[in-house]
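Notes for the one structure printed next.
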Amino acid sequence: MKYDFHNIEKKWQDRWEAEKTFIATDDFSKPKFYGLVEFPYPSGHGMHVGHIKAYSGLEVVSRKRRMQGYNVLFPIGFDAFGLPAENTAIKEGIHPRVVTDRNIEHFSEQLKRAGFSFDWSKVIDTTSEDYYKWTQWIFLKMFENGLAFRDTALVNYCPSCKVVLSNEDSQGGKCDICHSDIIQKTKDVWYLRITKYADKLLEGLKDVDYLPNIKMQQENWIGKSTGAFINFSIDGIDEKLRIYTTRPDTLFGVTFMVIAPEHPIIEKYRDRIANIDALDEYKLECQKKTEFERTQLVKDKTGVKIEGLCAINPANGKRVPIFIADYVMMGYGTGAIMAVPAHDQRDYEFAKKFGVDIIQVIEGGDISVEAYTGDGKMINSEFLNGYTNKKDSIARMGEEIEKMGIGELGVQFKMKDWAFNRQRYWGEPIPIVHCPKCGMVAVPYEELPLKLPAVENYEPGQGGESPLAKIDSFVNCECPKCKGPAKRETDTMPQWAGSSWYFLRYIDPHNDDAIASEEKLKYWMPVDWYNGGMEHVTRHMIYSRFWHKFLYDIGAVPVAEPYAKRTAQGMVLGANGVKMSKSLGNVVDPNDVIDVFGADTLRVYVLFMGDYGSAAPWNDSSVKGCKRFLDRVAELTNIAKGNGVTPELESAFHKTIKKVSSDIEDMKFNTAIAALMTLINQIFDHGSLTVDELKIFISLLCPFAPHISEEINEMLGSKELLAISPWPEYDEAKTVDSTVEIAIQLCGKMKGTVLVPADCDEDTAFKTIIDSGKLGDQLDGKTIVKKIYVKNRIFNIVAK
RNA sequence: GCCGGUGUGUCGGAAUGGCAGACGAGACAGACUCAAAAUCUGUUGUCAGCAAUGGCGUGUGGGUUCAAGUCCCACCACCGGCACCA
């Protein structure tokens, strides 16, 4: 057969489309498989080979499932709201809608050229009105349930993009979109109360099958810690200073307090504070520091003692000074701490610098040198003295502080509420009306979708307001409640909104009455296997689990966790071993590869290049190697004759079926392909194979290289598509050879190999080894001390 | 600092505690060719040797075991996440 991949690939792509081969059906009696890949943002640059790798993993699994008789949902869509389309619109003066449609079309063409078995009847676009209608619907449900709220707070603001960013979008103090430095700004913004779900998000991880590092990152991000809240009285006034600590049992070691520079108590008692000028000056200094200076220059502790306010340790009535210092953050805990310098290194450094007392309450270490953070016997702590176990002493202190009414045990999370808005045009309008009489009023459900109005200028306002604010016809409206004049919210939702529930819409994308029908949700949910990039583990993954859990709580979806299993692919690096980027000129365009080598070669290569979960550099020569393999597959048609089995190859075939089947499940695509390469080498060494065997070979190859496999299948006279033909079965008994080569060792040293019957007993194996003469005279004059025989593997003789 | 992960030929990478380097690439040699490409055949961890063969080899140092890339302890390097998180 001549391997004319251009014609072959076009031919089968057309046929799959015509026959609706990959469309998930409503046959709920069949077992289902829902495979999900992260839908792309349709950028103007088109796809790069990283997308191909990202989708090829579950593409192979989905294709195998179909052959195994599953009803498979393997959908694709476009996460199309976002700044790049809007920036193109600003630059070129084209409506973002037009830009987006153009990009989606380009992406779709590329995806189809790669031969992916997506269900194109269920494609979704987060920017279409019948999609974002439901994004808005979910937002209103959250608003109704008190999970969407407005608050004036210190927010992360990107001066370059002119938008407020969530914590997740400003990791490391850099804007996630343009990488410029984030500044802190006080602003009235929308939040989603994700912290209410912190515990559920953490607990839910116990019930899902995510890769360990994915779970770890989520746990880390949620950042649960257990401890206690304790209220310290302030001497002379009726005020409590509430602190959070993970070691309430060190309360007797408290020698001072520290509050964040922004702590409200300073403003409240300005008049009582003798050195308010010094505090104000310090506060100003802190504001000037960049995030980096404040968090990275850990060495040098700074702060100012508050003159005029003094706290009282509720455990022993001792008066302790209060400092302001920027090593305490307003955003975590209560913005105030009790300092125990003997057992906390930061407090220790601060105490040393400011000459505060250090009282040891846990035995151990040398506190003249550094804080002791290990375990030990409690001392100087009245009722806690003698406790040696931190768990017990904390529990006892918990009881005591509750008895005294000065606090309680509690938990804290690092995760913060989700700043949920962008002051930009190309996003879902937030369906809220501000009425001077009624306050914030939800747009009635029947008025959804609240559509984006046409605007002429997409530039955001200088004061950080959305371009929508300039459209009077949009802004001015009637209050749904009192019918009086009111104004619409002009912020739009952040980019993560649409992707927080898209997996639900794939199930029933054209439903006008609900997110999806109950019956279909019951059948298809949860997603059986979700694969994507590690970069989405703490943003999209957390957000979408949160939305899903909320929808579950209001009875809109039938399962608590959206994704039963989550894996991640590694990046495709440039040929020079660094991340592909336009500026470095090392980006590989999948179209170029398909033009020269074909889609099948590209698909095989991205999976063969290395461990699926690890990053690996692109290598043009290795791509050629995969093409060579497929050329040899085409050659098989020339040496296939007759039916039945070839005795010499039978076991090799059964072994390969077994290996490819299990390797696909373990995402070990590289070794699955290597097994097929090994088999083809064996076939050519033998010189021929039967038509039945060729059919098995192309069935195993089909998920990886479907076009050439279909073509050969047709040549073999099959009328049915290979894509829905049965997956080959193997016979375990036939995966073992009748004779095996075992290694001979003398005292653990390799001395050669010998052929023995499979599973033969020790005496037979020993006799075969002696008769083989492989040990020569090496046993002469020695006594055999021990014989270790591992069936079908090794015979180790220990002799002296 | 804390939490994960990874260290194997020239390169990408294989190895349920049991023959290290599968498979692919590259390189070298040969065949075909006027020639090149493509294709096919062979060699390819390293050191010594004409050879048979032997020594050494999975980041470093120890340990367990008949047997360690794999298990245990200590360390080094790199990658990723979190980070004055109380």
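Going by the structure tokens order, chains are called A, B, ..., each with residues numbered from 1, while ligands are numbered from 1 in the order shown.
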
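The chain B residues that come within 6 Å of chain A are B:G13, B:G18, B:C19, B:C23, B:A25, B:A67, B:C84, B:A86, with only C-alpha atoms (C1' of nucleotides) taken into account.
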
Using DSSP on the backbone coordinates, identify the residues of region 481-632 of chain A assigned to strand (DSSP E); present them as a ChimeraX atom specification. /A:485-488,529-532,565-568,572-573,616-617

Item to complete: Would you kindly return, as a list in words, each protein, DNA or RNA residue with an atom no farther than 8 Å from any atom of Pro431 (chain A), considering only C-alpha atoms (C1' of nucleotides) and excluding same-chain residues fewer than 5 positions away?
Response: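 So the residues in contact are Gln136, Leu140, Ala442, Val443, Leu450, Arg488 and Glu489 of chain A.
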
Inset, instruction - Could you jot down the CA of Glu144 (chain A) to CA of Ile194 (chain A) separation for me, Å, one decimal place? - result: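 Going from CA of Glu144 (chain A) over to CA of Ile194 (chain A) covers 14.9 Å.
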
Give me the residues near region 389-399 of chain A as a PyMOL selection string, where near means some atom within 12 Å (using only C-alpha atoms (C1' of nucleotides)) and where sequence neighbours in that chain fewer than 5 positions away do not count. chain A and resi 226-230+245-252+315+361-363+373-379+381-384+404-410

Any chance you could export the current selection's N, CA and C atoms as a compact mmCIF listing (two decimals), in the first residue's frame?
```txt
# COMPACT_ATOMS: atom_id res chain seq x y z
N THR A 226 -5.25 24.56 61.94
CA THR A 226 -6.11 24.52 63.11
C THR A 226 -5.40 25.23 64.25
N GLY A 227 -6.16 25.89 65.07
CA GLY A 227 -5.58 26.65 66.17
C GLY A 227 -6.67 27.22 67.04
N ALA A 228 -6.47 28.45 67.48
CA ALA A 228 -7.48 29.05 68.36
C ALA A 228 -7.52 30.56 68.17
N PHE A 229 -8.69 31.10 68.45
CA PHE A 229 -8.85 32.56 68.51
C PHE A 229 -8.86 32.92 69.99
N ILE A 230 -8.07 33.92 70.35
CA ILE A 230 -8.05 34.35 71.75
C ILE A 230 -8.21 35.87 71.80
N THR A 245 -3.94 31.93 66.65
CA THR A 245 -2.68 31.24 66.85
C THR A 245 -2.85 29.74 66.62
N THR A 246 -1.78 29.10 66.12
CA THR A 246 -1.84 27.65 65.97
C THR A 246 -1.33 26.97 67.25
N ARG A 247 -0.73 27.77 68.13
CA ARG A 247 -0.21 27.20 69.38
C ARG A 247 -0.79 27.92 70.60
N PRO A 248 -2.09 27.77 70.84
CA PRO A 248 -2.68 28.44 72.01
C PRO A 248 -2.03 27.98 73.33
N ASP A 249 -1.43 26.80 73.29
CA ASP A 249 -0.82 26.27 74.52
C ASP A 249 0.45 27.02 74.92
N THR A 250 0.90 27.93 74.06
CA THR A 250 2.09 28.73 74.46
C THR A 250 1.69 30.08 75.02
N LEU A 251 0.43 30.22 75.39
CA LEU A 251 -0.11 31.50 75.87
C LEU A 251 0.70 32.11 77.02
N PHE A 252 1.25 31.23 77.88
CA PHE A 252 2.04 31.75 79.00
C PHE A 252 3.40 32.30 78.55
N ALA A 315 -4.37 34.82 80.40
CA ALA A 315 -4.03 33.63 81.18
C ALA A 315 -3.45 33.99 82.54
N VAL A 361 8.47 28.28 77.34
CA VAL A 361 7.40 27.47 77.93
C VAL A 361 7.44 26.02 77.44
N ILE A 362 8.32 25.74 76.49
CA ILE A 362 8.51 24.35 76.06
C ILE A 362 9.99 24.04 76.26
N GLU A 363 10.27 22.91 76.90
CA GLU A 363 11.65 22.54 77.18
C GLU A 363 12.35 22.08 75.92
N THR A 373 11.37 25.46 68.14
CA THR A 373 10.06 25.17 67.55
C THR A 373 9.69 23.69 67.63
N GLY A 374 10.57 22.92 68.31
CA GLY A 374 10.30 21.48 68.42
C GLY A 374 9.34 21.15 69.56
N ASP A 375 9.17 19.86 69.78
CA ASP A 375 8.30 19.40 70.86
C ASP A 375 9.09 19.32 72.17
N GLY A 376 8.35 19.22 73.26
CA GLY A 376 9.02 19.09 74.55
C GLY A 376 8.03 19.23 75.68
N LYS A 377 8.57 19.17 76.89
CA LYS A 377 7.72 19.27 78.09
C LYS A 377 7.34 20.72 78.33
N MET A 378 6.07 20.95 78.67
CA MET A 378 5.61 22.32 78.96
C MET A 378 6.13 22.75 80.33
N ILE A 379 6.62 24.00 80.37
CA ILE A 379 7.09 24.57 81.63
C ILE A 379 6.57 26.00 81.77
N SER A 381 4.01 27.19 82.77
CA SER A 381 2.69 27.37 82.19
C SER A 381 1.55 26.90 83.09
N GLU A 382 1.75 27.01 84.41
CA GLU A 382 0.70 26.65 85.38
C GLU A 382 0.06 25.30 85.07
N PHE A 383 -1.23 25.32 84.71
CA PHE A 383 -1.95 24.04 84.53
C PHE A 383 -1.44 23.19 83.36
N LEU A 384 -0.63 23.80 82.50
CA LEU A 384 -0.13 23.02 81.36
C LEU A 384 1.20 22.34 81.66
N MET A 404 -12.85 30.12 80.49
CA MET A 404 -12.63 31.51 80.91
C MET A 404 -13.39 32.50 80.03
N GLY A 405 -13.93 32.02 78.95
CA GLY A 405 -14.67 32.91 78.03
C GLY A 405 -13.77 33.87 77.30
N ILE A 406 -12.55 33.46 77.00
CA ILE A 406 -11.63 34.39 76.33
C ILE A 406 -11.30 33.95 74.89
N GLY A 407 -11.97 32.92 74.45
CA GLY A 407 -11.69 32.50 73.08
C GLY A 407 -12.19 31.11 72.81
N GLU A 408 -11.80 30.58 71.66
CA GLU A 408 -12.24 29.23 71.30
C GLU A 408 -11.30 28.65 70.23
N LEU A 409 -11.31 27.32 70.15
CA LEU A 409 -10.52 26.68 69.11
C LEU A 409 -11.17 26.99 67.76
N GLY A 410 -10.37 27.05 66.70
CA GLY A 410 -10.95 27.37 65.39
C GLY A 410 -9.98 27.05 64.27
```

I'd like the neighbourhood of region 72-82 of chain B as a PDB file with N, CA, C and O atoms (P, O5', C5', C4', C3', O3' and C1' of nucleotides), in the first residue's frame, where a residue qualifies if any of its atoms comes within 8 Å (using only C-alpha atoms (C1' of nucleotides)), though same-chain residues fewer than 3 positions away should be ignored.
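Generated file (out38.pdb):
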```pdb
ATOM      1  N   GLN A 217      -1.245  20.326  45.697  1.00  0.00           N
ATOM      2  CA  GLN A 217      -1.297  21.759  45.372  1.00  0.00           C
ATOM      3  C   GLN A 217      -2.611  22.387  45.803  1.00  0.00           C
ATOM      4  O   GLN A 217      -2.646  23.525  46.247  1.00  0.00           O
ATOM      5  N   ASN A 220      -2.601  22.747  49.568  1.00  0.00           N
ATOM      6  CA  ASN A 220      -1.715  23.853  49.885  1.00  0.00           C
ATOM      7  C   ASN A 220      -2.391  25.196  49.660  1.00  0.00           C
ATOM      8  O   ASN A 220      -2.245  26.134  50.441  1.00  0.00           O
ATOM      9  N   TRP A 221      -3.124  25.276  48.568  1.00  0.00           N
ATOM     10  CA  TRP A 221      -3.776  26.522  48.213  1.00  0.00           C
ATOM     11  C   TRP A 221      -4.900  26.851  49.186  1.00  0.00           C
ATOM     12  O   TRP A 221      -5.073  27.990  49.608  1.00  0.00           O
TER      13      TRP A 221
ATOM     14  P     C B   2      12.676  23.373  56.329  1.00  0.00           P
ATOM     15  O5'   C B   2      11.132  23.200  55.969  1.00  0.00           O
ATOM     16  C5'   C B   2      10.144  23.319  56.992  1.00  0.00           C
ATOM     17  C4'   C B   2       8.786  23.370  56.365  1.00  0.00           C
ATOM     18  C3'   C B   2       8.503  22.268  55.359  1.00  0.00           C
ATOM     19  O3'   C B   2       8.131  21.055  55.993  1.00  0.00           O
ATOM     20  C1'   C B   2       7.861  24.328  54.419  1.00  0.00           C
ATOM     21  P     C B   3       8.576  19.663  55.323  1.00  0.00           P
ATOM     22  O5'   C B   3       7.532  19.560  54.131  1.00  0.00           O
ATOM     23  C5'   C B   3       6.138  19.574  54.393  1.00  0.00           C
ATOM     24  C4'   C B   3       5.401  19.624  53.088  1.00  0.00           C
ATOM     25  C3'   C B   3       5.867  18.620  52.057  1.00  0.00           C
ATOM     26  O3'   C B   3       5.404  17.315  52.343  1.00  0.00           O
ATOM     27  C1'   C B   3       5.610  20.714  51.020  1.00  0.00           C
ATOM     28  P     G B   4       6.119  16.066  51.705  1.00  0.00           P
ATOM     29  O5'   G B   4       5.367  16.009  50.305  1.00  0.00           O
ATOM     30  C5'   G B   4       6.024  15.439  49.235  1.00  0.00           C
ATOM     31  C4'   G B   4       5.418  15.928  47.955  1.00  0.00           C
ATOM     32  C3'   G B   4       6.196  15.408  46.776  1.00  0.00           C
ATOM     33  O3'   G B   4       5.750  14.112  46.454  1.00  0.00           O
ATOM     34  C1'   G B   4       6.004  17.740  46.568  1.00  0.00           C
ATOM     35  P     G B   5       6.881  12.929  46.446  1.00  0.00           P
ATOM     36  O5'   G B   5       7.511  13.129  44.992  1.00  0.00           O
ATOM     37  C5'   G B   5       6.651  13.266  43.870  1.00  0.00           C
ATOM     38  C4'   G B   5       7.351  13.990  42.755  1.00  0.00           C
ATOM     39  C3'   G B   5       8.659  13.382  42.295  1.00  0.00           C
ATOM     40  O3'   G B   5       8.447  12.239  41.503  1.00  0.00           O
ATOM     41  C1'   G B   5       8.885  15.728  42.415  1.00  0.00           C
ATOM     42  P     U B   6       9.531  11.038  41.529  1.00  0.00           P
ATOM     43  O5'   U B   6      10.680  11.666  40.632  1.00  0.00           O
ATOM     44  C5'   U B   6      10.401  12.067  39.300  1.00  0.00           C
ATOM     45  C4'   U B   6      11.572  12.834  38.755  1.00  0.00           C
ATOM     46  C3'   U B   6      12.902  12.110  38.816  1.00  0.00           C
ATOM     47  O3'   U B   6      12.991  11.172  37.753  1.00  0.00           O
ATOM     48  C1'   U B   6      13.193  14.344  39.531  1.00  0.00           C
ATOM     49  P     G B   7      14.100  10.030  37.795  1.00  0.00           P
ATOM     50  O5'   G B   7      15.267  10.906  37.227  1.00  0.00           O
ATOM     51  C5'   G B   7      16.564  10.617  37.488  1.00  0.00           C
ATOM     52  C4'   G B   7      17.468  11.745  37.069  1.00  0.00           C
ATOM     53  C3'   G B   7      18.921  11.297  37.050  1.00  0.00           C
ATOM     54  O3'   G B   7      19.677  12.109  36.174  1.00  0.00           O
ATOM     55  C1'   G B   7      18.548  12.807  38.840  1.00  0.00           C
ATOM     56  P     G B  59      21.675   8.064  39.435  1.00  0.00           P
ATOM     57  O5'   G B  59      22.997   8.870  39.782  1.00  0.00           O
ATOM     58  C5'   G B  59      23.581   9.751  38.821  1.00  0.00           C
ATOM     59  C4'   G B  59      24.333  10.838  39.520  1.00  0.00           C
ATOM     60  C3'   G B  59      25.055  10.395  40.783  1.00  0.00           C
ATOM     61  O3'   G B  59      26.312   9.827  40.494  1.00  0.00           O
ATOM     62  C1'   G B  59      23.805  12.339  41.226  1.00  0.00           C
ATOM     63  P     U B  60      26.967   8.774  41.511  1.00  0.00           P
ATOM     64  O5'   U B  60      27.280   9.687  42.773  1.00  0.00           O
ATOM     65  C5'   U B  60      28.429  10.525  42.819  1.00  0.00           C
ATOM     66  C4'   U B  60      28.664  10.982  44.236  1.00  0.00           C
ATOM     67  C3'   U B  60      28.828   9.858  45.254  1.00  0.00           C
ATOM     68  O3'   U B  60      30.140   9.345  45.283  1.00  0.00           O
ATOM     69  C1'   U B  60      27.309  11.446  46.099  1.00  0.00           C
ATOM     70  P     G B  61      30.367   7.801  45.691  1.00  0.00           P
ATOM     71  O5'   G B  61      30.107   7.813  47.261  1.00  0.00           O
ATOM     72  C5'   G B  61      30.971   8.565  48.113  1.00  0.00           C
ATOM     73  C4'   G B  61      30.467   8.499  49.527  1.00  0.00           C
ATOM     74  C3'   G B  61      30.135   7.102  50.026  1.00  0.00           C
ATOM     75  O3'   G B  61      31.275   6.371  50.392  1.00  0.00           O
ATOM     76  C1'   G B  61      28.416   8.592  50.657  1.00  0.00           C
ATOM     77  P     G B  62      31.159   4.778  50.587  1.00  0.00           P
ATOM     78  O5'   G B  62      30.103   4.726  51.769  1.00  0.00           O
ATOM     79  C5'   G B  62      29.999   3.612  52.580  1.00  0.00           C
ATOM     80  C4'   G B  62      28.995   3.889  53.679  1.00  0.00           C
ATOM     81  C3'   G B  62      28.065   2.726  53.950  1.00  0.00           C
ATOM     82  O3'   G B  62      28.688   1.741  54.752  1.00  0.00           O
ATOM     83  C1'   G B  62      26.777   4.673  53.752  1.00  0.00           C
ATOM     84  P     G B  63      28.611   0.222  54.247  1.00  0.00           P
ATOM     85  O5'   G B  63      27.101  -0.151  54.610  1.00  0.00           O
ATOM     86  C5'   G B  63      26.679  -0.046  55.971  1.00  0.00           C
ATOM     87  C4'   G B  63      25.185  -0.095  56.061  1.00  0.00           C
ATOM     88  C3'   G B  63      24.523  -1.387  55.609  1.00  0.00           C
ATOM     89  O3'   G B  63      24.655  -2.413  56.561  1.00  0.00           O
ATOM     90  C1'   G B  63      23.279   0.471  54.831  1.00  0.00           C
ATOM     91  P     U B  64      24.678  -3.938  56.093  1.00  0.00           P
ATOM     92  O5'   U B  64      23.144  -4.177  55.737  1.00  0.00           O
ATOM     93  C5'   U B  64      22.158  -4.147  56.759  1.00  0.00           C
ATOM     94  C4'   U B  64      20.796  -4.400  56.161  1.00  0.00           C
ATOM     95  C3'   U B  64      20.699  -5.657  55.302  1.00  0.00           C
ATOM     96  O3'   U B  64      20.518  -6.819  56.101  1.00  0.00           O
ATOM     97  C1'   U B  64      19.679  -3.844  54.162  1.00  0.00           C
TER      98        U B  64
END
```

Selection near Pro467 (chain A), 7 Å with only C-alpha atoms (C1' of nucleotides), sequence-local residues under 4 positions removed, as number ranges by chain
A: 424-425, 458-461

What separates CA of Leu279 (chain A) and CA of Asn231 (chain A) is a distance of 23.0 Å

*Pick out the residues sitting within 9 Å of region 27-34 of chain B, and hand them over as JSON, numbers by chain; count only C-alpha atoms (C1' of nucleotides), and ignore anything fewer than 5 positions along from it in its own chain.*
{"B": [10, 39, 40, 41, 42, 43, 44]}

Same residues, all heavy atoms, saved as a CSV table (one decimal), in the first residue's frame:
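The resulting part_23.csv:
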```csv
chain,number,residue,atom,x,y,z
B,10,U,P,27.5,9.4,27.1
B,10,U,OP1,28.7,8.7,26.6
B,10,U,OP2,27.6,10.2,28.3
B,10,U,O5',26.9,10.2,25.9
B,10,U,C5',27.4,11.5,25.7
B,10,U,C4',26.5,12.2,24.7
B,10,U,O4',26.6,11.5,23.4
B,10,U,C3',25.0,12.2,25.0
B,10,U,O3',24.7,13.1,25.9
B,10,U,C2',24.4,12.4,23.6
B,10,U,O2',24.5,13.7,23.2
B,10,U,C1',25.4,11.6,22.7
B,10,U,N1,24.9,10.2,22.4
B,10,U,C2,23.8,10.1,21.6
B,10,U,O2,23.2,11.1,21.1
B,10,U,N3,23.4,8.8,21.3
B,10,U,C4,24.0,7.7,21.7
B,10,U,O4,23.6,6.6,21.4
B,10,U,C5,25.2,7.9,22.5
B,10,U,C6,25.6,9.1,22.8
B,39,U,P,13.9,6.4,5.3
B,39,U,OP1,12.8,6.3,6.2
B,39,U,OP2,15.2,6.8,5.8
B,39,U,O5',14.0,5.0,4.6
B,39,U,C5',12.9,4.3,4.0
B,39,U,C4',13.3,3.1,3.2
B,39,U,O4',14.2,3.6,2.1
B,39,U,C3',14.2,2.1,4.0
B,39,U,O3',13.3,1.2,4.7
B,39,U,C2',14.9,1.4,2.8
B,39,U,O2',14.0,0.5,2.1
B,39,U,C1',15.2,2.6,1.9
B,39,U,N1,16.6,3.1,2.1
B,39,U,C2,17.7,2.5,1.6
B,39,U,O2,17.6,1.4,1.0
B,39,U,N3,18.9,3.0,1.9
B,39,U,C4,19.1,4.2,2.6
B,39,U,O4,20.3,4.6,2.8
B,39,U,C5,17.9,4.8,3.1
B,39,U,C6,16.7,4.3,2.9
B,40,C,P,13.8,0.7,6.1
B,40,C,OP1,12.7,0.1,6.8
B,40,C,OP2,14.6,1.8,6.8
B,40,C,O5',14.8,-0.4,5.7
B,40,C,C5',14.4,-1.6,5.0
B,40,C,C4',15.6,-2.4,4.5
B,40,C,O4',16.3,-1.5,3.5
B,40,C,C3',16.6,-2.8,5.5
B,40,C,O3',16.1,-3.9,6.2
B,40,C,C2',17.8,-3.0,4.7
B,40,C,O2',17.7,-4.3,4.0
B,40,C,C1',17.7,-1.9,3.7
B,40,C,N1,18.5,-0.7,4.1
B,40,C,C2,19.9,-0.7,3.9
B,40,C,O2,20.4,-1.7,3.4
B,40,C,N3,20.6,0.4,4.3
B,40,C,C4,20.0,1.5,4.8
B,40,C,N4,20.7,2.5,5.1
B,40,C,C5,18.6,1.5,5.0
B,40,C,C6,17.9,0.4,4.6
B,41,U,P,16.5,-4.0,7.8
B,41,U,OP1,15.8,-5.2,8.3
B,41,U,OP2,16.5,-2.7,8.4
B,41,U,O5',18.1,-4.5,7.6
B,41,U,C5',18.4,-5.7,7.1
B,41,U,C4',19.9,-5.9,7.1
B,41,U,O4',20.5,-4.9,6.2
B,41,U,C3',20.6,-5.6,8.5
B,41,U,O3',20.5,-6.7,9.3
B,41,U,C2',22.0,-5.3,8.0
B,41,U,O2',22.7,-6.5,7.7
B,41,U,C1',21.8,-4.5,6.7
B,41,U,N1,21.8,-3.1,7.0
B,41,U,C2,23.0,-2.4,7.1
B,41,U,O2,24.1,-3.0,7.1
B,41,U,N3,22.9,-1.1,7.4
B,41,U,C4,21.8,-0.3,7.5
B,41,U,O4,21.9,0.9,7.7
B,41,U,C5,20.6,-1.1,7.3
B,41,U,C6,20.6,-2.4,7.1
B,42,G,P,20.3,-6.4,10.9
B,42,G,OP1,20.0,-7.7,11.6
B,42,G,OP2,19.5,-5.2,11.1
B,42,G,O5',21.8,-6.0,11.3
B,42,G,C5',22.9,-7.0,11.2
B,42,G,C4',24.2,-6.3,11.3
B,42,G,O4',24.3,-5.3,10.3
B,42,G,C3',24.5,-5.6,12.6
B,42,G,O3',24.8,-6.4,13.7
B,42,G,C2',25.6,-4.6,12.2
B,42,G,O2',26.9,-5.3,12.1
B,42,G,C1',25.2,-4.3,10.8
B,42,G,N9,24.5,-3.0,10.8
B,42,G,C8,23.1,-2.7,10.6
B,42,G,N7,22.8,-1.5,10.6
B,42,G,C5,24.1,-0.8,10.8
B,42,G,C6,24.3,0.6,11.0
B,42,G,O6,23.6,1.5,10.9
B,42,G,N1,25.7,0.8,11.2
B,42,G,C2,26.7,-0.2,11.3
B,42,G,N2,27.9,0.2,11.5
B,42,G,N3,26.4,-1.5,11.2
B,42,G,C4,25.1,-1.7,10.9
B,43,U,P,24.5,-6.0,15.2
B,43,U,OP1,24.8,-7.2,16.0
B,43,U,OP2,23.2,-5.4,15.2
B,43,U,O5',25.6,-4.9,15.4
B,43,U,C5',27.0,-5.2,15.5
B,43,U,C4',27.8,-4.0,15.7
B,43,U,O4',27.6,-3.1,14.6
B,43,U,C3',27.4,-3.2,16.9
B,43,U,O3',27.9,-3.7,18.1
B,43,U,C2',28.0,-1.8,16.5
B,43,U,O2',29.4,-1.8,16.7
B,43,U,C1',27.7,-1.7,15.0
B,43,U,N1,26.4,-1.0,14.8
B,43,U,C2,26.4,0.3,14.8
B,43,U,O2,27.4,1.0,15.0
B,43,U,N3,25.2,0.9,14.5
B,43,U,C4,24.0,0.3,14.3
B,43,U,O4,23.0,1.0,14.0
B,43,U,C5,24.1,-1.1,14.3
B,43,U,C6,25.3,-1.7,14.5
B,44,U,P,27.1,-3.6,19.4
B,44,U,OP1,27.8,-4.3,20.5
B,44,U,OP2,25.7,-3.9,19.1
B,44,U,O5',27.2,-2.0,19.8
B,44,U,C5',28.4,-1.4,19.9
B,44,U,C4',28.3,0.1,20.0
B,44,U,O4',27.8,0.6,18.7
B,44,U,C3',27.2,0.6,21.0
B,44,U,O3',27.7,0.6,22.3
B,44,U,C2',26.9,2.0,20.4
B,44,U,O2',27.9,2.9,20.8
B,44,U,C1',26.9,1.7,18.9
B,44,U,N1,25.6,1.5,18.4
B,44,U,C2,24.9,2.5,18.0
B,44,U,O2,25.3,3.7,18.0
B,44,U,N3,23.6,2.2,17.4
B,44,U,C4,23.1,1.0,17.3
B,44,U,O4,21.9,0.9,16.8
B,44,U,C5,23.9,-0.1,17.8
B,44,U,C6,25.1,0.2,18.3
```

Min atom-atom distance to Ser29 (chain A) from the set A:Val163, A:Ile138, A:Phe5, A:Tyr523, counting only C-alpha atoms, belongs to A:Tyr523

| said: Considering only helix (DSSP H, G or I) as DSSP defines it on the backbone, what residues of region 537-719 of chain A qualify? List them as number ranges by chain. | reply: A: 540-553, 582-584, 590-597, 599-608, 620-639, 647-665, 669-686, 691-701, 706-715

Gap from CA of Thr735 (chain A) to CA of Thr646 (chain A) - Å, one decimal |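 Spanning CA of Thr735 (chain A) to CA of Thr646 (chain A) is a straight-line distance of 14.2 Å.
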
Given only C-alpha atoms as the basis, pick out the residue of A:Asp169, A:Asp27, A:Asp491, A:Asp125 nearest to Pro509 (chain A).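 When distances to Pro509 (chain A) are compared using only C-alpha atoms, the smallest one comes from A:Asp125.
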